[in-house]
Each structure stands twice: as C-alpha cells, then as structure tokens.
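Everything below belongs to entry_25.pdb, which stores PDB, C-alpha atoms.
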```pdb
MODEL        1
ATOM      1  CA  MET A 291       0.000   0.000   0.000
ATOM      2  CA  ALA A 292       1.340   3.449  -0.937
ATOM      3  CA  ALA A 293       2.220   5.717   1.982
ATOM      4  CA  ASN A 294      -0.816   7.942   1.538
ATOM      5  CA  GLU A 295      -3.304   5.226   0.572
ATOM      6  CA  LEU A 296      -6.191   4.751   2.995
ATOM      7  CA  SER A 297      -6.787   1.439   4.719
ATOM      8  CA  ALA A 298     -10.264   0.027   5.284
ATOM      9  CA  GLU A 299     -10.035   1.071   8.942
ATOM     10  CA  GLU A 300      -9.091   4.621   7.978
ATOM     11  CA  LEU A 301     -11.961   4.825   5.477
ATOM     12  CA  ALA A 302     -14.312   3.797   8.278
ATOM     13  CA  ARG A 303     -12.749   6.187  10.798
ATOM     14  CA  TYR A 304     -13.001   9.219   8.513
ATOM     15  CA  ALA A 305     -16.310   8.302   6.858
ATOM     16  CA  TRP A 306     -18.198  11.397   7.981
ATOM     17  CA  GLN A 307     -15.595  13.862   6.747
ATOM     18  CA  LEU A 308     -15.078  11.987   3.482
ATOM     19  CA  ASP A 309     -18.606  13.080   2.573
ATOM     20  CA  VAL A 310     -17.701  16.787   2.781
ATOM     21  CA  PRO A 311     -18.017  18.259  -0.746
ATOM     22  CA  GLY A 312     -14.622  19.182  -2.163
ATOM     23  CA  PHE A 313     -12.761  16.993   0.358
ATOM     24  CA  GLY A 314     -13.365  13.288  -0.174
ATOM     25  CA  GLU A 315     -10.702  10.605  -0.339
ATOM     26  CA  ALA A 316      -8.315  12.867  -2.266
ATOM     27  CA  GLY A 317      -8.374  15.417   0.564
ATOM     28  CA  GLN A 318      -7.917  12.690   3.156
ATOM     29  CA  ARG A 319      -4.897  11.325   1.329
ATOM     30  CA  ARG A 320      -3.367  14.809   1.290
ATOM     31  CA  LEU A 321      -3.819  15.041   5.056
ATOM     32  CA  LYS A 322      -2.251  11.624   5.565
ATOM     33  CA  ALA A 323       0.782  12.637   3.513
ATOM     34  CA  ALA A 324       1.268  15.922   5.411
ATOM     35  CA  THR A 325       3.483  16.998   8.294
ATOM     36  CA  VAL A 326       2.377  19.829  10.592
ATOM     37  CA  LEU A 327       4.524  21.558  13.216
ATOM     38  CA  VAL A 328       2.633  22.771  16.301
ATOM     39  CA  SER A 329       4.539  25.305  18.393
ATOM     40  CA  ARG A 330       3.387  24.727  21.992
ATOM     41  CA  VAL A 331       0.647  22.264  22.933
ATOM     42  CA  GLY A 332      -0.971  24.176  25.772
ATOM     43  CA  GLY A 333      -4.491  25.549  25.795
ATOM     44  CA  LEU A 334      -4.366  26.638  22.159
ATOM     45  CA  GLY A 335      -1.866  24.276  20.560
ATOM     46  CA  GLY A 336      -3.265  21.263  22.383
ATOM     47  CA  ILE A 337      -6.666  21.788  20.772
ATOM     48  CA  VAL A 338      -5.006  22.376  17.395
ATOM     49  CA  ALA A 339      -3.057  19.121  17.687
ATOM     50  CA  TYR A 340      -6.106  17.203  18.917
ATOM     51  CA  GLN A 341      -8.236  18.303  15.981
ATOM     52  CA  LEU A 342      -5.472  17.625  13.447
ATOM     53  CA  ALA A 343      -4.937  14.150  14.868
ATOM     54  CA  ALA A 344      -8.664  13.438  14.752
ATOM     55  CA  ALA A 345      -8.776  14.629  11.135
ATOM     56  CA  GLY A 346      -5.945  12.278  10.143
ATOM     57  CA  VAL A 347      -2.912  14.485   9.503
ATOM     58  CA  GLY A 348      -0.175  11.917   8.980
ATOM     59  CA  HIS A 349       2.632  13.404  11.066
ATOM     60  CA  LEU A 350       2.468  15.915  13.909
ATOM     61  CA  ILE A 351       5.613  17.536  15.309
ATOM     62  CA  LEU A 352       4.963  19.024  18.740
ATOM     63  CA  ALA A 353       7.419  21.486  20.329
ATOM     64  CA  HIS A 354       6.935  22.433  23.974
ATOM     65  CA  ALA A 355       9.288  22.399  26.975
ATOM     66  CA  GLY A 356       8.547  21.778  30.614
ATOM     67  CA  PRO A 357       6.316  19.759  32.918
ATOM     68  CA  ILE A 358       2.562  19.958  33.462
ATOM     69  CA  ARG A 359       1.505  22.438  36.153
ATOM     70  CA  VAL A 360      -1.764  22.388  38.039
ATOM     71  CA  ASP A 361      -2.696  25.828  36.695
ATOM     72  CA  ASP A 362      -2.496  24.431  33.135
ATOM     73  CA  LEU A 363      -5.541  22.263  33.651
ATOM     74  CA  ASN A 364      -8.288  24.841  33.081
ATOM     75  CA  ARG A 365      -7.415  24.940  29.379
ATOM     76  CA  GLN A 366      -4.771  22.339  28.392
ATOM     77  CA  LEU A 367      -6.975  19.401  27.516
ATOM     78  CA  LEU A 368      -4.168  17.052  26.518
ATOM     79  CA  MET A 369      -2.922  17.162  30.120
ATOM     80  CA  THR A 370      -4.247  15.316  33.163
ATOM     81  CA  THR A 371      -4.326  15.846  36.917
ATOM     82  CA  ALA A 372      -2.349  12.634  37.381
ATOM     83  CA  GLY A 373       0.338  14.007  35.075
ATOM     84  CA  VAL A 374       1.120  17.168  37.061
ATOM     85  CA  GLY A 375       4.888  17.463  37.356
ATOM     86  CA  GLN A 376       5.488  15.110  34.425
ATOM     87  CA  SER A 377       6.444  15.854  30.806
ATOM     88  CA  ARG A 378       3.892  17.898  28.930
ATOM     89  CA  ILE A 379       5.071  16.584  25.569
ATOM     90  CA  GLU A 380       4.856  12.945  26.645
ATOM     91  CA  SER A 381       1.308  13.473  27.871
ATOM     92  CA  ALA A 382       0.282  15.204  24.653
ATOM     93  CA  ALA A 383       1.846  12.537  22.424
ATOM     94  CA  ARG A 384       0.233   9.725  24.406
ATOM     95  CA  ARG A 385      -3.231  11.310  24.300
ATOM     96  CA  LEU A 386      -2.999  11.925  20.555
ATOM     97  CA  GLN A 387      -1.888   8.363  19.828
ATOM     98  CA  GLU A 388      -4.751   7.053  21.954
ATOM     99  CA  LEU A 389      -7.139   9.138  19.873
ATOM    100  CA  ASN A 390      -5.712   8.127  16.495
ATOM    101  CA  PRO A 391      -2.992   5.468  16.214
ATOM    102  CA  HIS A 392      -2.714   6.153  12.476
ATOM    103  CA  VAL A 393      -1.027   9.499  13.217
ATOM    104  CA  ARG A 394       2.719   9.649  13.827
ATOM    105  CA  VAL A 395       3.634  12.034  16.650
ATOM    106  CA  THR A 396       7.128  13.439  17.170
ATOM    107  CA  GLY A 397       7.583  15.215  20.495
ATOM    108  CA  ILE A 398      10.284  17.855  20.948
ATOM    109  CA  GLU A 399      10.782  18.876  24.573
ATOM    110  CA  GLU A 400      11.932  22.344  23.594
ATOM    111  CA  ASN A 401      10.219  25.614  22.840
ATOM    112  CA  ILE A 402      10.949  27.257  19.505
ATOM    113  CA  ASN A 403      14.305  29.024  19.615
ATOM    114  CA  ALA A 404      17.069  30.222  17.309
ATOM    115  CA  GLY A 405      18.822  26.862  17.500
ATOM    116  CA  ASN A 406      15.931  24.623  16.454
ATOM    117  CA  VAL A 407      13.567  26.751  14.388
ATOM    118  CA  ALA A 408      15.147  26.174  10.960
ATOM    119  CA  ASP A 409      15.184  22.400  11.356
ATOM    120  CA  LEU A 410      11.628  22.160  12.717
ATOM    121  CA  VAL A 411      10.087  24.448  10.113
ATOM    122  CA  GLY A 412      12.026  22.620   7.416
ATOM    123  CA  ARG A 413      10.319  19.330   8.337
ATOM    124  CA  ALA A 414       6.788  20.726   8.082
ATOM    125  CA  ASP A 415       4.317  21.424   5.303
ATOM    126  CA  VAL A 416       2.326  23.798   7.512
ATOM    127  CA  VAL A 417       3.306  25.525  10.763
ATOM    128  CA  MET A 418       0.881  26.288  13.610
ATOM    129  CA  ASP A 419       1.928  29.222  15.782
ATOM    130  CA  CYS A 420       0.346  28.784  19.215
ATOM    131  CA  ALA A 421       3.117  30.180  21.423
ATOM    132  CA  PRO A 422       2.404  32.669  24.232
ATOM    133  CA  LEU A 423       5.677  34.583  23.819
ATOM    134  CA  PHE A 424       6.463  36.989  21.000
ATOM    135  CA  ALA A 425      10.108  35.884  20.841
ATOM    136  CA  GLU A 426       8.940  32.447  19.701
ATOM    137  CA  ARG A 427       6.306  33.867  17.365
ATOM    138  CA  PHE A 428       8.804  36.217  15.722
ATOM    139  CA  ALA A 429      11.365  33.417  15.313
ATOM    140  CA  LEU A 430       8.779  31.209  13.616
ATOM    141  CA  ASN A 431       7.635  34.080  11.425
ATOM    142  CA  ARG A 432      11.144  34.864  10.203
ATOM    143  CA  GLU A 433      11.785  31.212   9.403
ATOM    144  CA  VAL A 434       8.524  30.508   7.568
ATOM    145  CA  VAL A 435       9.160  33.589   5.440
ATOM    146  CA  ARG A 436      12.714  32.435   4.714
ATOM    147  CA  GLN A 437      11.585  28.927   3.803
ATOM    148  CA  ARG A 438       8.342  30.094   2.130
ATOM    149  CA  LYS A 439       6.178  27.847   4.335
ATOM    150  CA  PRO A 440       2.534  28.654   5.226
ATOM    151  CA  MET A 441       1.768  29.372   8.874
ATOM    152  CA  VAL A 442      -1.521  29.599  10.747
ATOM    153  CA  GLU A 443      -1.287  32.356  13.343
ATOM    154  CA  ALA A 444      -3.709  32.057  16.278
ATOM    155  CA  ALA A 445      -3.882  33.806  19.633
ATOM    156  CA  MET A 446      -6.243  34.555  22.484
ATOM    157  CA  TYR A 447      -6.582  36.762  25.544
ATOM    158  CA  GLU A 448      -9.319  36.790  28.157
ATOM    159  CA  LEU A 449     -12.525  36.332  26.062
ATOM    160  CA  GLN A 450     -10.991  37.490  22.786
ATOM    161  CA  ALA A 451      -9.215  35.680  19.976
ATOM    162  CA  GLN A 452      -7.739  36.262  16.549
ATOM    163  CA  LEU A 453      -6.741  34.121  13.591
ATOM    164  CA  THR A 454      -5.065  34.574  10.227
ATOM    165  CA  THR A 455      -3.121  32.447   7.755
ATOM    166  CA  ILE A 456       0.271  33.607   6.514
ATOM    167  CA  VAL A 457       1.540  32.597   3.082
ATOM    168  CA  PRO A 458       4.866  34.339   2.363
ATOM    169  CA  GLY A 459       4.716  36.466  -0.768
ATOM    170  CA  LYS A 460       0.940  36.436  -0.794
ATOM    171  CA  THR A 461      -0.151  37.743   2.616
ATOM    172  CA  PRO A 462       1.194  39.955   5.399
ATOM    173  CA  CYS A 463       3.589  38.201   7.743
ATOM    174  CA  LEU A 464       3.387  38.550  11.509
ATOM    175  CA  ALA A 465       5.944  41.377  11.484
ATOM    176  CA  CYS A 466       3.723  43.364   9.118
ATOM    177  CA  LEU A 467       1.073  43.303  11.840
ATOM    178  CA  TYR A 468       3.450  43.588  14.818
ATOM    179  CA  PRO A 469       6.786  45.229  13.914
ATOM    180  CA  GLU A 470       7.807  44.985  17.563
ATOM    181  CA  GLU A 471       6.694  43.195  20.695
ATOM    182  CA  PRO A 472       3.755  44.943  22.392
ATOM    183  CA  PRO A 473       5.332  46.510  25.494
ATOM    184  CA  ALA A 474       2.464  45.571  27.817
ATOM    185  CA  TRP A 475       2.437  41.859  26.881
ATOM    186  CA  ARG A 476       3.065  39.363  29.689
ATOM    187  CA  ARG A 477       3.548  35.570  29.690
ATOM    188  CA  ARG A 478       0.682  34.990  32.124
ATOM    189  CA  PHE A 479      -2.661  36.435  31.063
ATOM    190  CA  PRO A 480      -6.351  35.936  31.902
ATOM    191  CA  VAL A 481      -8.254  33.397  29.812
ATOM    192  CA  LEU A 482     -11.183  31.003  30.073
ATOM    193  CA  GLY A 483     -10.366  27.574  28.661
ATOM    194  CA  ALA A 484     -13.232  27.557  26.171
ATOM    195  CA  VAL A 485     -11.628  30.492  24.315
ATOM    196  CA  PRO A 486      -8.530  28.597  23.101
ATOM    197  CA  GLY A 487     -10.849  25.652  22.482
ATOM    198  CA  MET A 488     -12.846  27.719  20.013
ATOM    199  CA  ILE A 489     -10.014  29.480  18.199
ATOM    200  CA  GLY A 490      -7.829  26.357  18.252
ATOM    201  CA  SER A 491     -10.490  24.396  16.394
ATOM    202  CA  LEU A 492     -10.753  27.151  13.780
ATOM    203  CA  ALA A 493      -6.958  27.224  13.447
ATOM    204  CA  ALA A 494      -6.890  23.470  12.857
ATOM    205  CA  LEU A 495      -9.538  23.910  10.178
ATOM    206  CA  GLU A 496      -7.351  26.526   8.466
ATOM    207  CA  ALA A 497      -4.511  23.984   8.290
ATOM    208  CA  ILE A 498      -6.850  21.304   6.956
ATOM    209  CA  LYS A 499      -8.088  23.696   4.261
ATOM    210  CA  LEU A 500      -4.532  24.578   3.251
ATOM    211  CA  LEU A 501      -3.437  20.948   3.054
ATOM    212  CA  ALA A 502      -6.543  19.604   1.332
ATOM    213  CA  GLY A 503      -7.146  22.558  -0.990
ATOM    214  CA  LEU A 504     -10.558  23.068   0.562
ATOM    215  CA  GLY A 505     -12.545  26.312   0.712
ATOM    216  CA  GLU A 506     -10.948  29.728   1.259
ATOM    217  CA  PRO A 507      -8.384  30.102   4.067
ATOM    218  CA  LEU A 508      -7.948  33.430   5.861
ATOM    219  CA  LEU A 509      -5.375  34.789   3.401
ATOM    220  CA  GLY A 510      -5.006  38.548   3.733
ATOM    221  CA  ARG A 511      -7.783  38.495   6.312
ATOM    222  CA  LEU A 512      -7.795  38.594  10.088
ATOM    223  CA  LEU A 513     -10.634  37.046  12.074
ATOM    224  CA  VAL A 514     -11.257  38.838  15.366
ATOM    225  CA  ALA A 515     -13.630  37.322  17.921
ATOM    226  CA  ASP A 516     -15.002  39.031  21.015
ATOM    227  CA  LEU A 517     -16.675  36.223  22.916
ATOM    228  CA  ARG A 518     -17.829  38.456  25.740
ATOM    229  CA  THR A 519     -20.415  39.850  23.330
ATOM    230  CA  VAL A 520     -20.210  36.996  20.783
ATOM    231  CA  GLN A 521     -19.174  39.288  17.949
ATOM    232  CA  PHE A 522     -17.012  38.127  15.055
ATOM    233  CA  GLN A 523     -15.337  40.425  12.551
ATOM    234  CA  THR A 524     -13.134  39.774   9.536
ATOM    235  CA  VAL A 525     -10.865  42.599   8.445
ATOM    236  CA  SER A 526      -8.525  42.828   5.481
ATOM    237  CA  VAL A 527      -4.814  43.128   6.216
ATOM    238  CA  GLU A 528      -2.115  44.033   3.726
ATOM    239  CA  ARG A 529       1.618  43.531   3.425
ATOM    240  CA  SER A 530       3.839  46.329   4.661
ATOM    241  CA  ALA A 531       6.307  47.442   1.987
ATOM    242  CA  ASN A 532       8.702  48.399   4.787
ATOM    243  CA  CYS A 533       8.478  45.089   6.645
ATOM    244  CA  GLU A 534      11.960  44.019   7.746
ATOM    245  CA  VAL A 535      11.019  40.347   7.455
ATOM    246  CA  CYS A 536       8.955  39.939   4.277
ATOM    247  CA  GLY A 537       9.363  43.297   2.533
ATOM    248  CA  GLY A 538      11.918  41.837   0.129
ATOM    249  CA  VAL A 539       9.861  38.769  -0.742
ATOM    250  CA  PRO A 540       8.411  39.118  -4.255
ATOM    251  CA  ALA A 541       4.659  38.877  -4.553
ATOM    252  CA  SER A 542       3.597  35.387  -5.573
ATOM    253  CA  SER A 543       1.396  34.832  -8.588
ATOM    254  CA  GLY A 544      -2.312  34.511  -8.104
ATOM    255  CA  ARG A 545      -4.728  37.087  -6.776
ATOM    256  CA  LEU A 546      -6.350  36.771  -3.376
ATOM    257  CA  THR A 547     -10.074  36.433  -3.918
ATOM    258  CA  HIS A 548     -12.240  37.316  -0.990
ATOM    259  CA  ARG A 549     -14.774  39.884  -0.020
ATOM    260  CA  ARG A 550     -13.285  42.762   1.949
ATOM    261  CA  GLN A 551     -15.088  43.349   5.210
ATOM    262  CA  GLY A 552     -13.300  46.341   6.647
ATOM    263  CA  ARG A 553      -9.612  47.141   6.752
ATOM    264  CA  ALA A 554      -7.039  46.860   9.494
ATOM    265  CA  CYS A 555      -3.842  48.776   9.895
ATOM    266  CA  ALA A 556      -0.860  46.757   8.706
ATOM    267  CA  THR A 557       1.367  48.311  11.373
ATOM    268  CA  MET A 558      -0.605  47.434  14.485
ATOM    269  CA  LYS A 559       1.344  48.057  17.643
ATOM    270  CA  TYR A 560      -0.708  47.515  20.764
ATOM    271  CA  GLY A 561      -1.667  44.159  22.191
ATOM    272  CA  LEU A 562      -3.278  41.226  20.451
ATOM    273  CA  PHE A 563      -6.931  42.032  20.211
ATOM    274  CA  PRO A 564      -9.654  44.557  19.342
ATOM    275  CA  LEU A 565      -7.837  47.286  21.288
ATOM    276  CA  TRP A 566      -5.341  47.628  18.463
ATOM    277  CA  LEU A 567      -8.000  48.023  15.796
ATOM    278  CA  ASN A 568      -8.224  51.622  16.967
ATOM    279  CA  GLN A 569      -4.518  52.067  17.754
ATOM    280  CA  CYS A 570      -2.697  52.588  14.441
ATOM    281  CA  ASN A 571       0.879  53.797  14.467
ATOM    282  CA  PRO A 572       1.460  57.513  13.812
ATOM    283  CA  GLY A 573       1.197  58.346  10.144
ATOM    284  CA  CYS A 574      -0.844  55.317   9.215
ATOM    285  CA  ASN A 575      -3.660  56.155   6.817
ATOM    286  CA  SER A 576      -5.478  52.834   6.916
ATOM    287  CA  SER A 577      -9.145  53.081   7.794
ATOM    288  CA  ARG A 578     -10.296  51.256  10.894
ATOM    289  CA  ALA A 579     -12.474  48.190  10.712
ATOM    290  CA  SER A 580     -16.099  48.987  11.100
TER     291      SER A 580
ENDMDL
END
```

Show how you would write the structure in this file as structure tokens.
Amino acid sequence: MAANELSAEELARYAWQLDVPGFGEAGQRRLKAATVLVSRVGGLGGIVAYQLAAAGVGHLILAHAGPIRVDDLNRQLLMTTAGVGQSRIESAARRLQELNPHVRVTGIEENINAGNVADLVGRADVVMDCAPLFAERFALNREVVRQRKPMVEAAMYELQAQLTTIVPGKTPCLACLYPEEPPAWRRRFPVLGAVPGMIGSLAALEAIKLLAGLGEPLLGRLLVADLRTVQFQTVSVERSANCEVCGGVPASSGRLTHRRQGRACATMKYGLFPLWLNQCNPGCNSSRAS
C-alpha cells in the first residue's frame, strides 16, 4: 500500500468527513501525507493538535518544553491531573496516539528558539503558531518567510481571539502586523479555557483547508472574535512594503479572492486584540475596521 493510501479502517474512521463536498478521499490522502509543526501544545496548541490528529494528519511535530503544572488544567486538555509534574510533551503525544494510532507524533521537549527553528520548520508542510511569547512567534515568522512555508497564526486573551493564515509572498507576515513586541504583553494572562478551544479548532480547520485545498483560508484576512459579546469580525490586512522580514519577498502569482469586510492597519502596535484596531501607528492612513 502506498504511503498515503487509505486502509479500510481509515476509510471507516473518517467516513463522515469523506462526505464533505470538495474533500473526499483525495483530501484525506493529502492530510495523511502531510506533516504539521505545532509550536506549543498548551491551551491553544493542544486543541489544534487534537483536531489535526482526529482529522488524520499523517505526522504531527509538537514542540513544547517543561512539565505539566496544576494551573495548566483549566485549558490544556491534553494534560491530566495525574500528570502534574510530568512531561507535557509525553502526555500530549500519548493522548494523541490514543485518539488516532494512524497518526505519527514526534515530540520535541523544547520551545521554539534560534537553535531549532530552521530544522523544525524545514520538516513541516504547515506551521501552527500557538506560542504565548512573542520571541517564539517572531522566530517562527522569520523562518517561515525564509523557507516560504505557510503558517496559521492564532492567539487569544481573556474572552478574545484572533486568527489569520500567513503565506509568504501572498499575505502579510506577523511582522507586518506587529513590527515589535507589544510593550504591555506578559507571559501569564487571563483566559477562560473555552476560548482557546474555540479558536484552536478554527486554526486546525485553516490547516486542513490549506493541506486539502478546501474552501478559502484566511489569506489577507484577520478574524477577530469578542466572545464576551459573541461578535465576530473579519478585516482585510495588507503587506507592509517596509516590513523588515517579508518586505523583500516578491509577490507570488495569483490574486487573493475574498470579499473585503473592513480594513485593518498593517502596522498594528498595541496588544493582540480589538484594542489595536483603533490604535494605528502615527502616520498610518489605513481606515479602521467597522
């Protein structure tokens, strides 16, 4: 059997999703043949990895250092109370293999850093950025731009979340949106566990769409969700010609086709969420999202 051929057990396991128009067995084979890197498998990345494993992505590479802490358990659903103090990566890999033994899981007990980012991105077809620290996000962003790899960028704070898909040469990169680390950002922040559950599932769906050629990913668009009021908004974002990371990358062929639903500043500076939609940098002429 060819590496991406589907066994009878896999056809039975994925039967419901095989009926999705535009997906089918061809889409499932593309997932099986794919490798996805997930940076951090906490509240956000754990849900991403769980959904990708359930969907049948063939190989997941998980990068996350450190042991499970008791204060992880309100949101990190791949962890268990019995595992507190033990390896987070080992717990995540075990839970994913229990869910779907057809998926190969490689656990890296390191966070993304300058020494490992090139190798890890180089192994992947799609990168999932779920890290809480901007140093890791910026390192991933620089490397996916250098290697021309697509990256799904997801984040959350309190009851708010955002999501976009980065394709170098076609969309803004993370540095177009955040040229520098927001000065008020801190590692520990308030969040209810259902928030990363929601945006993590949407992020996983973005990766599935990219890999299977299904639907329209969030290219050149940023989804912003305010779950306190249950309001969702999609705004258009554009590449910054002065971006130090992707400014020199030539535009790729093919026009982005989507309906514009407002416009966001491509030089956002403050924080991660709706606050910055009204906080453009001085001299920016972009209109705010409605």

For the PyMOL selection byres ((chain A and resi 348-351) around 7), applied here, can you spell out every residue it catches as JSON, numbers by chain? {"A": [321, 322, 323, 324, 325, 326, 327, 328, 346, 347, 352, 353, 393, 394, 395, 396, 397]}

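Proximity of A:Ser329, A:Ile337, A:Asp361, A:Val435 to A:Asn403, computed with all atoms listed in the file, is greatest for A:Ser329.
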
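Taking only C-alpha atoms into account, A:Glu448 lies nearest to A:Phe479 out of the set A:Phe479, A:Phe424, A:Phe313, A:Tyr340.
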
Skipping near chain neighbours, those fewer than 3 positions away, what residues fall within 10 Å of stretch 355-360 of chain A using only C-alpha atoms, listed as number ranges by chain? A: 330-332, 352, 363-364, 366, 369-381, 397-402

Selected residues, C-alpha atoms, written as an mmCIF file, in the frame of the given file, please.
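The result, written out as out.cif:
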```cif
data_model
loop_
_atom_site.group_PDB
_atom_site.id
_atom_site.type_symbol
_atom_site.label_atom_id
_atom_site.label_comp_id
_atom_site.auth_asym_id
_atom_site.auth_seq_id
_atom_site.Cartn_x
_atom_site.Cartn_y
_atom_site.Cartn_z
ATOM 1 C CA ARG A 330 3.387 24.727 21.992
ATOM 2 C CA VAL A 331 0.647 22.264 22.933
ATOM 3 C CA GLY A 332 -0.971 24.176 25.772
ATOM 4 C CA LEU A 352 4.963 19.024 18.740
ATOM 5 C CA LEU A 363 -5.541 22.263 33.651
ATOM 6 C CA ASN A 364 -8.288 24.841 33.081
ATOM 7 C CA GLN A 366 -4.771 22.339 28.392
ATOM 8 C CA MET A 369 -2.922 17.162 30.120
ATOM 9 C CA THR A 370 -4.247 15.316 33.163
ATOM 10 C CA THR A 371 -4.326 15.846 36.917
ATOM 11 C CA ALA A 372 -2.349 12.634 37.381
ATOM 12 C CA GLY A 373 0.338 14.007 35.075
ATOM 13 C CA VAL A 374 1.120 17.168 37.061
ATOM 14 C CA GLY A 375 4.888 17.463 37.356
ATOM 15 C CA GLN A 376 5.488 15.110 34.425
ATOM 16 C CA SER A 377 6.444 15.854 30.806
ATOM 17 C CA ARG A 378 3.892 17.898 28.930
ATOM 18 C CA ILE A 379 5.071 16.584 25.569
ATOM 19 C CA GLU A 380 4.856 12.945 26.645
ATOM 20 C CA SER A 381 1.308 13.473 27.871
ATOM 21 C CA GLY A 397 7.583 15.215 20.495
ATOM 22 C CA ILE A 398 10.284 17.855 20.948
ATOM 23 C CA GLU A 399 10.782 18.876 24.573
ATOM 24 C CA GLU A 400 11.932 22.344 23.594
ATOM 25 C CA ASN A 401 10.219 25.614 22.840
ATOM 26 C CA ILE A 402 10.949 27.257 19.505
#
```

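Counting from atom CA of A:Ala502, the distance to atom CA of A:Ala345 is 11.2 Å.
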
Just add N, CA and C atoms to stretch 375-389 of chain A and send it as an mmCIF file, in the coordinates of the input.
```
data_model
loop_
_atom_site.group_PDB
_atom_site.id
_atom_site.type_symbol
_atom_site.label_atom_id
_atom_site.label_comp_id
_atom_site.auth_asym_id
_atom_site.auth_seq_id
_atom_site.Cartn_x
_atom_site.Cartn_y
_atom_site.Cartn_z
ATOM 1 N N GLY A 375 3.478 17.677 37.048
ATOM 2 C CA GLY A 375 4.888 17.463 37.356
ATOM 3 C C GLY A 375 5.617 16.611 36.346
ATOM 4 N N GLN A 376 4.885 15.967 35.444
ATOM 5 C CA GLN A 376 5.488 15.110 34.425
ATOM 6 C C GLN A 376 5.582 15.848 33.088
ATOM 7 N N SER A 377 6.183 15.226 32.103
ATOM 8 C CA SER A 377 6.444 15.854 30.806
ATOM 9 C C SER A 377 5.148 16.211 30.075
ATOM 10 N N ARG A 378 5.061 17.452 29.688
ATOM 11 C CA ARG A 378 3.892 17.898 28.930
ATOM 12 C C ARG A 378 3.852 17.242 27.550
ATOM 13 N N ILE A 379 5.000 17.164 26.911
ATOM 14 C CA ILE A 379 5.071 16.584 25.569
ATOM 15 C C ILE A 379 4.704 15.102 25.590
ATOM 16 N N GLU A 380 5.181 14.369 26.575
ATOM 17 C CA GLU A 380 4.856 12.945 26.645
ATOM 18 C C GLU A 380 3.360 12.736 26.847
ATOM 19 N N SER A 381 2.754 13.571 27.669
ATOM 20 C CA SER A 381 1.308 13.473 27.871
ATOM 21 C C SER A 381 0.556 13.760 26.587
ATOM 22 N N ALA A 382 0.960 14.834 25.893
ATOM 23 C CA ALA A 382 0.282 15.204 24.653
ATOM 24 C C ALA A 382 0.415 14.101 23.609
ATOM 25 N N ALA A 383 1.628 13.579 23.425
ATOM 26 C CA ALA A 383 1.846 12.537 22.424
ATOM 27 C C ALA A 383 1.026 11.286 22.746
ATOM 28 N N ARG A 384 0.998 10.914 24.008
ATOM 29 C CA ARG A 384 0.233 9.725 24.406
ATOM 30 C C ARG A 384 -1.254 9.907 24.137
ATOM 31 N N ARG A 385 -1.800 11.075 24.495
ATOM 32 C CA ARG A 385 -3.231 11.310 24.300
ATOM 33 C C ARG A 385 -3.594 11.330 22.808
ATOM 34 N N LEU A 386 -2.724 11.878 21.991
ATOM 35 C CA LEU A 386 -2.999 11.925 20.555
ATOM 36 C C LEU A 386 -2.941 10.539 19.927
ATOM 37 N N GLN A 387 -1.990 9.719 20.360
ATOM 38 C CA GLN A 387 -1.888 8.363 19.828
ATOM 39 C C GLN A 387 -3.061 7.509 20.275
ATOM 40 N N GLU A 388 -3.562 7.759 21.500
ATOM 41 C CA GLU A 388 -4.751 7.053 21.954
ATOM 42 C C GLU A 388 -5.959 7.430 21.113
ATOM 43 N N LEU A 389 -6.031 8.686 20.716
ATOM 44 C CA LEU A 389 -7.139 9.138 19.873
ATOM 45 C C LEU A 389 -7.048 8.539 18.477
#
```
